[in-house]
Amino acid sequence: VNVRTGAPPAWLREGLRASVDEVGAYPDLAPAREAVAAHHGRPVDEVLLTAGAAEAFVLVARALAPRHAAVVHPQFTEPERALRLAGHDVARVAVPWPFALDPDAVPSRADLVVVGNPTNPTSVLHPAPSLAALAHPDRTLVVDEAFMDAVPGEPASLAGRRDLPGVLVVRSLTKTWGLAGLRVGYVLGDPPTLARLAAAQPHWPLSTPALAAAEACTSARAAAELAAWHDTLTADRAHLETRLAALPVDVVPQAAAPFVLVRVRHGTSVRQGLRDRGFAVRRGDTFPGLGADWLRVAVRDRATTDAFADALGGTLADTDGDTLADVSPEESV
Ligand SMILES: Cc1ncc(COP(=O)(O)O)c(C=O)c1O
């Protein structure tokens, strides 16, 4: 999984518990909205709070009327699913190894484009100019920044960019703050588009505890914790990459998120072998553009990574004797 271990921290849990005392009243979204707006240096009407990024994708799909939607893959599959469920055709823009975005690969007629940054599962961080090149007055550009708060200084984020037309930045508190069960995120964008999304929301779309979390996670205390975690994450990811470099696997370079994407031979057997040794990795075959030989590995502490790398080395040695004939056609996709 790609949710930070050890989160939510104790101070955040305490805040959530305290917010339960307020749940007798309907939630007031204003303070959290103001806090998020201040955090990104934007006016309040450029913030729409949502029940996680997942709600944002559904709102985009239901409230907007794209004629030519395009999703840049490989990436998280929920945005495409939401678009299809809302009745839209979706073109897939396949980004090949090493998964750097080429803006010219996106069809110019696409009037809705979804791209992840940094991208799940490749961990690739597309530079801001590549994304800015996709922004256009006749297009809605949805940038899923659910993992952006894992990137120190967020240099590639469009969250504070008010100069680009049609950009909707989707953020989530799920990953870094360990709040998957709370459902809290938001969209940043131009007020008319956000008003269209808001019109598709029910009243009181976020609970009082979720709003408390949004305020807490944009506080100075949260910023300090984030900065400390960035150092740990950077060191732990470098350690994972060093250990993986010593094994017969391909590692997608320049990982920026709290996970790393690798390619192995006989991925299905390797995944099973790791499971037998007590390690679960994320399968790659359910991501468009990848296949069973791709595995997403979470960044964990050094001891866990060492144990994992040993297990992966052992598993690869065991499966090395397999012939390609052992791999079924679906697995070799
Ligand atoms: C890239 C990406 N965006 C968004 C989400 C969903 O986030 P939320 O929990 O805020 O709905 C996920 C969850 O896995 C994700 O991987």
# chains A, B, ... in the order shown; residues from 1 in each chain; ligands from 1
>>> residues_near_ligand(ligand="ligand 1", cutoff="7 Å", atoms="only C-alpha atoms and all ligand atoms", output="number ranges by chain")
A: 52-55, 75-76, 116, 119-120, 144-147, 171-174, 180, 183-185
>>> write_last_selection(atoms="N, CA and C atoms", output="JSON list (two decimals), in the first residue's frame")
[["chain", "number", "residue", "atom", "x", "y", "z"],
["A", 52, "GLY", "N", -12.39, 13.26, -0.46],
["A", 52, "GLY", "CA", -11.25, 12.58, -1.09],
["A", 52, "GLY", "C", -11.13, 12.96, -2.56],
["A", 53, "ALA", "N", -9.98, 12.61, -3.13],
["A", 53, "ALA", "CA", -9.77, 12.83, -4.56],
["A", 53, "ALA", "C", -10.79, 12.03, -5.37],
["A", 54, "ALA", "N", -11.20, 10.90, -4.83],
["A", 54, "ALA", "CA", -12.14, 10.04, -5.56],
["A", 54, "ALA", "C", -13.43, 10.80, -5.87],
["A", 55, "GLU", "N", -13.92, 11.58, -4.90],
["A", 55, "GLU", "CA", -15.14, 12.36, -5.18],
["A", 55, "GLU", "C", -14.86, 13.40, -6.27],
["A", 75, "GLN", "N", -1.52, 5.18, -15.01],
["A", 75, "GLN", "CA", -1.85, 5.97, -13.82],
["A", 75, "GLN", "C", -3.00, 5.31, -13.08],
["A", 76, "PHE", "N", -3.28, 5.86, -11.92],
["A", 76, "PHE", "CA", -4.41, 5.46, -11.09],
["A", 76, "PHE", "C", -5.67, 5.36, -11.97],
["A", 116, "GLY", "N", -1.54, 12.31, -13.73],
["A", 116, "GLY", "CA", -1.15, 12.23, -12.32],
["A", 116, "GLY", "C", 0.25, 12.79, -12.12],
["A", 119, "THR", "N", 3.14, 10.49, -10.50],
["A", 119, "THR", "CA", 2.20, 9.51, -11.02],
["A", 119, "THR", "C", 2.24, 8.21, -10.22],
["A", 120, "ASN", "N", 1.08, 7.72, -9.91],
["A", 120, "ASN", "CA", 0.92, 6.37, -9.38],
["A", 120, "ASN", "C", 0.61, 5.47, -10.58],
["A", 144, "ASP", "N", -3.84, 15.24, -11.04],
["A", 144, "ASP", "CA", -4.04, 14.52, -9.79],
["A", 144, "ASP", "C", -2.75, 14.60, -8.98],
["A", 145, "GLU", "N", -2.77, 15.46, -7.98],
["A", 145, "GLU", "CA", -1.58, 15.65, -7.13],
["A", 145, "GLU", "C", -1.76, 14.96, -5.78],
["A", 146, "ALA", "N", -2.38, 13.80, -5.78],
["A", 146, "ALA", "CA", -2.65, 13.09, -4.51],
["A", 146, "ALA", "C", -1.36, 12.79, -3.74],
["A", 147, "PHE", "N", -0.24, 12.65, -4.47],
["A", 147, "PHE", "CA", 1.04, 12.35, -3.80],
["A", 147, "PHE", "C", 1.98, 13.54, -3.76],
["A", 171, "ARG", "N", -6.16, 17.33, -4.93],
["A", 171, "ARG", "CA", -5.26, 16.94, -3.84],
["A", 171, "ARG", "C", -6.01, 16.02, -2.87],
["A", 172, "SER", "N", -5.21, 15.30, -2.08],
["A", 172, "SER", "CA", -5.78, 14.33, -1.15],
["A", 172, "SER", "C", -5.01, 14.37, 0.15],
["A", 173, "LEU", "N", -5.69, 14.15, 1.27],
["A", 173, "LEU", "CA", -4.98, 14.01, 2.54],
["A", 173, "LEU", "C", -4.79, 12.53, 2.90],
["A", 174, "THR", "N", -5.25, 11.66, 2.01],
["A", 174, "THR", "CA", -5.24, 10.23, 2.29],
["A", 174, "THR", "C", -3.86, 9.66, 2.53],
["A", 180, "ALA", "N", -7.08, 7.49, 4.84],
["A", 180, "ALA", "CA", -7.90, 6.89, 3.77],
["A", 180, "ALA", "C", -9.35, 6.71, 4.20],
["A", 183, "ARG", "N", -11.84, 10.25, 4.24],
["A", 183, "ARG", "CA", -12.32, 10.80, 2.97],
["A", 183, "ARG", "C", -12.21, 12.32, 2.98],
["A", 184, "VAL", "N", -11.05, 12.80, 2.68],
["A", 184, "VAL", "CA", -10.87, 14.24, 2.61],
["A", 184, "VAL", "C", -9.82, 14.62, 1.57],
["A", 185, "GLY", "N", -10.22, 15.55, 0.72],
["A", 185, "GLY", "CA", -9.37, 16.07, -0.33],
["A", 185, "GLY", "C", -9.96, 17.38, -0.83]]
>>> residues_around(residues="range 210-223 of chain A", least_positions_apart="3", cutoff="7 Å", atoms="only C-alpha atoms", output="PDB file with N, CA, C and O atoms, in the first residue's frame")
ATOM      1  N   LEU A  12      -2.799  14.519  15.361  1.00  0.00           N
ATOM      2  CA  LEU A  12      -3.910  14.575  14.416  1.00  0.00           C
ATOM      3  C   LEU A  12      -5.075  13.696  14.906  1.00  0.00           C
ATOM      4  O   LEU A  12      -6.242  14.086  14.822  1.00  0.00           O
ATOM      5  N   GLY A  15      -6.952  15.611  17.474  1.00  0.00           N
ATOM      6  CA  GLY A  15      -7.820  16.610  16.850  1.00  0.00           C
ATOM      7  C   GLY A  15      -9.086  15.972  16.292  1.00  0.00           C
ATOM      8  O   GLY A  15     -10.189  16.524  16.410  1.00  0.00           O
ATOM      9  N   LEU A  16      -8.923  14.797  15.705  1.00  0.00           N
ATOM     10  CA  LEU A  16     -10.087  14.096  15.155  1.00  0.00           C
ATOM     11  C   LEU A  16     -11.041  13.688  16.274  1.00  0.00           C
ATOM     12  O   LEU A  16     -12.262  13.847  16.153  1.00  0.00           O
ATOM     13  N   SER A  19     -12.980  16.583  17.501  1.00  0.00           N
ATOM     14  CA  SER A  19     -14.002  17.059  16.564  1.00  0.00           C
ATOM     15  C   SER A  19     -15.308  16.283  16.707  1.00  0.00           C
ATOM     16  O   SER A  19     -16.372  16.773  16.318  1.00  0.00           O
ATOM     17  N   LEU A  29     -18.136  24.276   6.514  1.00  0.00           N
ATOM     18  CA  LEU A  29     -16.989  24.065   5.634  1.00  0.00           C
ATOM     19  C   LEU A  29     -16.045  25.262   5.575  1.00  0.00           C
ATOM     20  O   LEU A  29     -14.901  25.135   5.121  1.00  0.00           O
ATOM     21  N   ALA A  32     -12.216  25.302   7.117  1.00  0.00           N
ATOM     22  CA  ALA A  32     -11.299  24.399   6.409  1.00  0.00           C
ATOM     23  C   ALA A  32     -10.995  24.926   5.007  1.00  0.00           C
ATOM     24  O   ALA A  32      -9.859  24.871   4.526  1.00  0.00           O
ATOM     25  N   ALA A  35      -8.537  27.667   5.328  1.00  0.00           N
ATOM     26  CA  ALA A  35      -7.206  27.147   5.663  1.00  0.00           C
ATOM     27  C   ALA A  35      -6.516  26.579   4.422  1.00  0.00           C
ATOM     28  O   ALA A  35      -5.330  26.821   4.188  1.00  0.00           O
ATOM     29  N   VAL A  36      -7.261  25.842   3.631  1.00  0.00           N
ATOM     30  CA  VAL A  36      -6.679  25.254   2.405  1.00  0.00           C
ATOM     31  C   VAL A  36      -6.308  26.359   1.421  1.00  0.00           C
ATOM     32  O   VAL A  36      -5.237  26.336   0.807  1.00  0.00           O
ATOM     33  N   HIS A  39      -3.202  28.019   2.541  1.00  0.00           N
ATOM     34  CA  HIS A  39      -2.077  27.093   2.383  1.00  0.00           C
ATOM     35  C   HIS A  39      -1.496  27.170   0.968  1.00  0.00           C
ATOM     36  O   HIS A  39      -0.286  27.070   0.770  1.00  0.00           O
ATOM     37  N   LEU A 182     -11.076   8.495   6.248  1.00  0.00           N
ATOM     38  CA  LEU A 182     -11.797   9.721   6.615  1.00  0.00           C
ATOM     39  C   LEU A 182     -12.475  10.365   5.414  1.00  0.00           C
ATOM     40  O   LEU A 182     -13.542  10.956   5.544  1.00  0.00           O
ATOM     41  N   ARG A 183     -11.838  10.245   4.244  1.00  0.00           N
ATOM     42  CA  ARG A 183     -12.318  10.803   2.972  1.00  0.00           C
ATOM     43  C   ARG A 183     -12.213  12.321   2.977  1.00  0.00           C
ATOM     44  O   ARG A 183     -13.180  13.035   3.263  1.00  0.00           O
ATOM     45  N   VAL A 184     -11.047  12.795   2.677  1.00  0.00           N
ATOM     46  CA  VAL A 184     -10.867  14.244   2.612  1.00  0.00           C
ATOM     47  C   VAL A 184      -9.821  14.618   1.568  1.00  0.00           C
ATOM     48  O   VAL A 184      -8.738  14.054   1.509  1.00  0.00           O
ATOM     49  N   LEU A 206     -18.551  16.919   3.301  1.00  0.00           N
ATOM     50  CA  LEU A 206     -17.506  16.414   4.200  1.00  0.00           C
ATOM     51  C   LEU A 206     -18.023  16.435   5.630  1.00  0.00           C
ATOM     52  O   LEU A 206     -18.770  17.348   6.018  1.00  0.00           O
ATOM     53  N   SER A 207     -17.575  15.464   6.412  1.00  0.00           N
ATOM     54  CA  SER A 207     -17.977  15.406   7.812  1.00  0.00           C
ATOM     55  C   SER A 207     -17.139  16.385   8.641  1.00  0.00           C
ATOM     56  O   SER A 207     -16.071  16.849   8.211  1.00  0.00           O
ATOM     57  N   LEU A 226       5.890  17.396   8.057  1.00  0.00           N
ATOM     58  CA  LEU A 226       6.086  17.029   6.658  1.00  0.00           C
ATOM     59  C   LEU A 226       7.558  17.164   6.259  1.00  0.00           C
ATOM     60  O   LEU A 226       8.132  16.292   5.606  1.00  0.00           O
ATOM     61  N   ALA A 227       8.155  18.275   6.694  1.00  0.00           N
ATOM     62  CA  ALA A 227       9.560  18.522   6.333  1.00  0.00           C
ATOM     63  C   ALA A 227      10.456  17.418   6.892  1.00  0.00           C
ATOM     64  O   ALA A 227      11.369  16.934   6.205  1.00  0.00           O
TER      65      ALA A 227
END
>>> select_by_dssp(residues="range 139-217 of chain A", states="strand (DSSP E)", output="short mmCIF file (atom, residue, chain, number, x, y, z; two decimals) with N, CA, C and O atoms, in the first residue's frame")
data_model
loop_
_atom_site.label_atom_id
_atom_site.label_comp_id
_atom_site.auth_asym_id
_atom_site.auth_seq_id
_atom_site.Cartn_x
_atom_site.Cartn_y
_atom_site.Cartn_z
N THR A 140 -10.04 21.36 -20.18
CA THR A 140 -9.87 21.21 -18.73
C THR A 140 -8.72 20.24 -18.50
O THR A 140 -8.76 19.10 -19.00
N LEU A 141 -7.71 20.68 -17.79
CA LEU A 141 -6.57 19.82 -17.46
C LEU A 141 -6.67 19.46 -15.99
O LEU A 141 -6.56 20.33 -15.12
N VAL A 142 -6.93 18.18 -15.71
CA VAL A 142 -7.03 17.71 -14.33
C VAL A 142 -5.69 17.10 -13.93
O VAL A 142 -5.26 16.11 -14.53
N VAL A 143 -5.04 17.71 -12.95
CA VAL A 143 -3.76 17.17 -12.48
C VAL A 143 -4.01 16.55 -11.10
O VAL A 143 -4.35 17.26 -10.15
N ASP A 144 -3.84 15.24 -11.04
CA ASP A 144 -4.04 14.52 -9.79
C ASP A 144 -2.75 14.60 -8.98
O ASP A 144 -1.78 13.91 -9.27
N VAL A 167 -7.08 24.73 -15.52
CA VAL A 167 -6.38 23.69 -14.72
C VAL A 167 -7.16 23.41 -13.43
O VAL A 167 -7.51 24.33 -12.69
N LEU A 168 -7.43 22.15 -13.18
CA LEU A 168 -8.00 21.71 -11.91
C LEU A 168 -6.95 20.84 -11.23
O LEU A 168 -6.54 19.81 -11.78
N VAL A 169 -6.51 21.24 -10.06
CA VAL A 169 -5.55 20.44 -9.30
C VAL A 169 -6.31 19.69 -8.22
O VAL A 169 -7.04 20.29 -7.43
N VAL A 170 -6.16 18.38 -8.23
CA VAL A 170 -6.84 17.53 -7.24
C VAL A 170 -5.83 17.11 -6.18
O VAL A 170 -4.75 16.60 -6.52
N ARG A 171 -6.16 17.33 -4.93
CA ARG A 171 -5.26 16.94 -3.84
C ARG A 171 -6.01 16.02 -2.87
O ARG A 171 -7.24 16.01 -2.82
N SER A 172 -5.21 15.30 -2.08
CA SER A 172 -5.78 14.33 -1.15
C SER A 172 -5.01 14.37 0.15
O SER A 172 -3.79 14.56 0.14
N GLY A 185 -10.22 15.55 0.72
CA GLY A 185 -9.37 16.07 -0.33
C GLY A 185 -9.96 17.38 -0.83
O GLY A 185 -10.88 17.93 -0.21
N TYR A 186 -9.42 17.88 -1.93
CA TYR A 186 -9.98 19.12 -2.47
C TYR A 186 -9.52 19.35 -3.89
O TYR A 186 -8.59 18.69 -4.38
N VAL A 187 -10.21 20.29 -4.55
CA VAL A 187 -9.86 20.69 -5.91
C VAL A 187 -9.54 22.18 -5.88
O VAL A 187 -10.23 22.96 -5.23
N LEU A 188 -8.50 22.56 -6.60
CA LEU A 188 -8.15 23.96 -6.79
C LEU A 188 -8.37 24.30 -8.26
O LEU A 188 -7.94 23.53 -9.13
#
>>> closest_residue(among="A:Ala86, A:Ala110, A:Leu48, A:Leu274", to="Ala307 in chain A", atoms="only C-alpha atoms")
A:Leu274
>>> closest_residue(among="A:Thr176, A:Ser123, A:Thr234, A:Ser157", to="Gln254 in chain A", atoms="only C-alpha atoms")
A:Ser123
>>> residues_around(residues="range 95-99 of chain A", least_positions_apart="6", cutoff="8 Å", atoms="only C-alpha atoms", output="count of residues only")
8
>>> select_by_dssp(residues="range 178-271 of chain A", states="helix (DSSP H, G or I)", output="PyMOL selection string")
chain A and resi 191-199+208-216+220-245+267-271
>>> atom_distance(atom1="CA of Ala238 in chain A", atom2="CA of Phe287 in chain A")
24.8 Å
>>> closest_residue(among="A:Ala25, A:Met148, A:Ala133, A:Val281", to="Lys175 in chain A", atoms="only C-alpha atoms")
A:Met148
>>> closest_residue(among="A:Arg302, A:Arg162, A:Arg282, A:Arg62", to="Gly41 in chain A", atoms="only C-alpha atoms")
A:Arg162
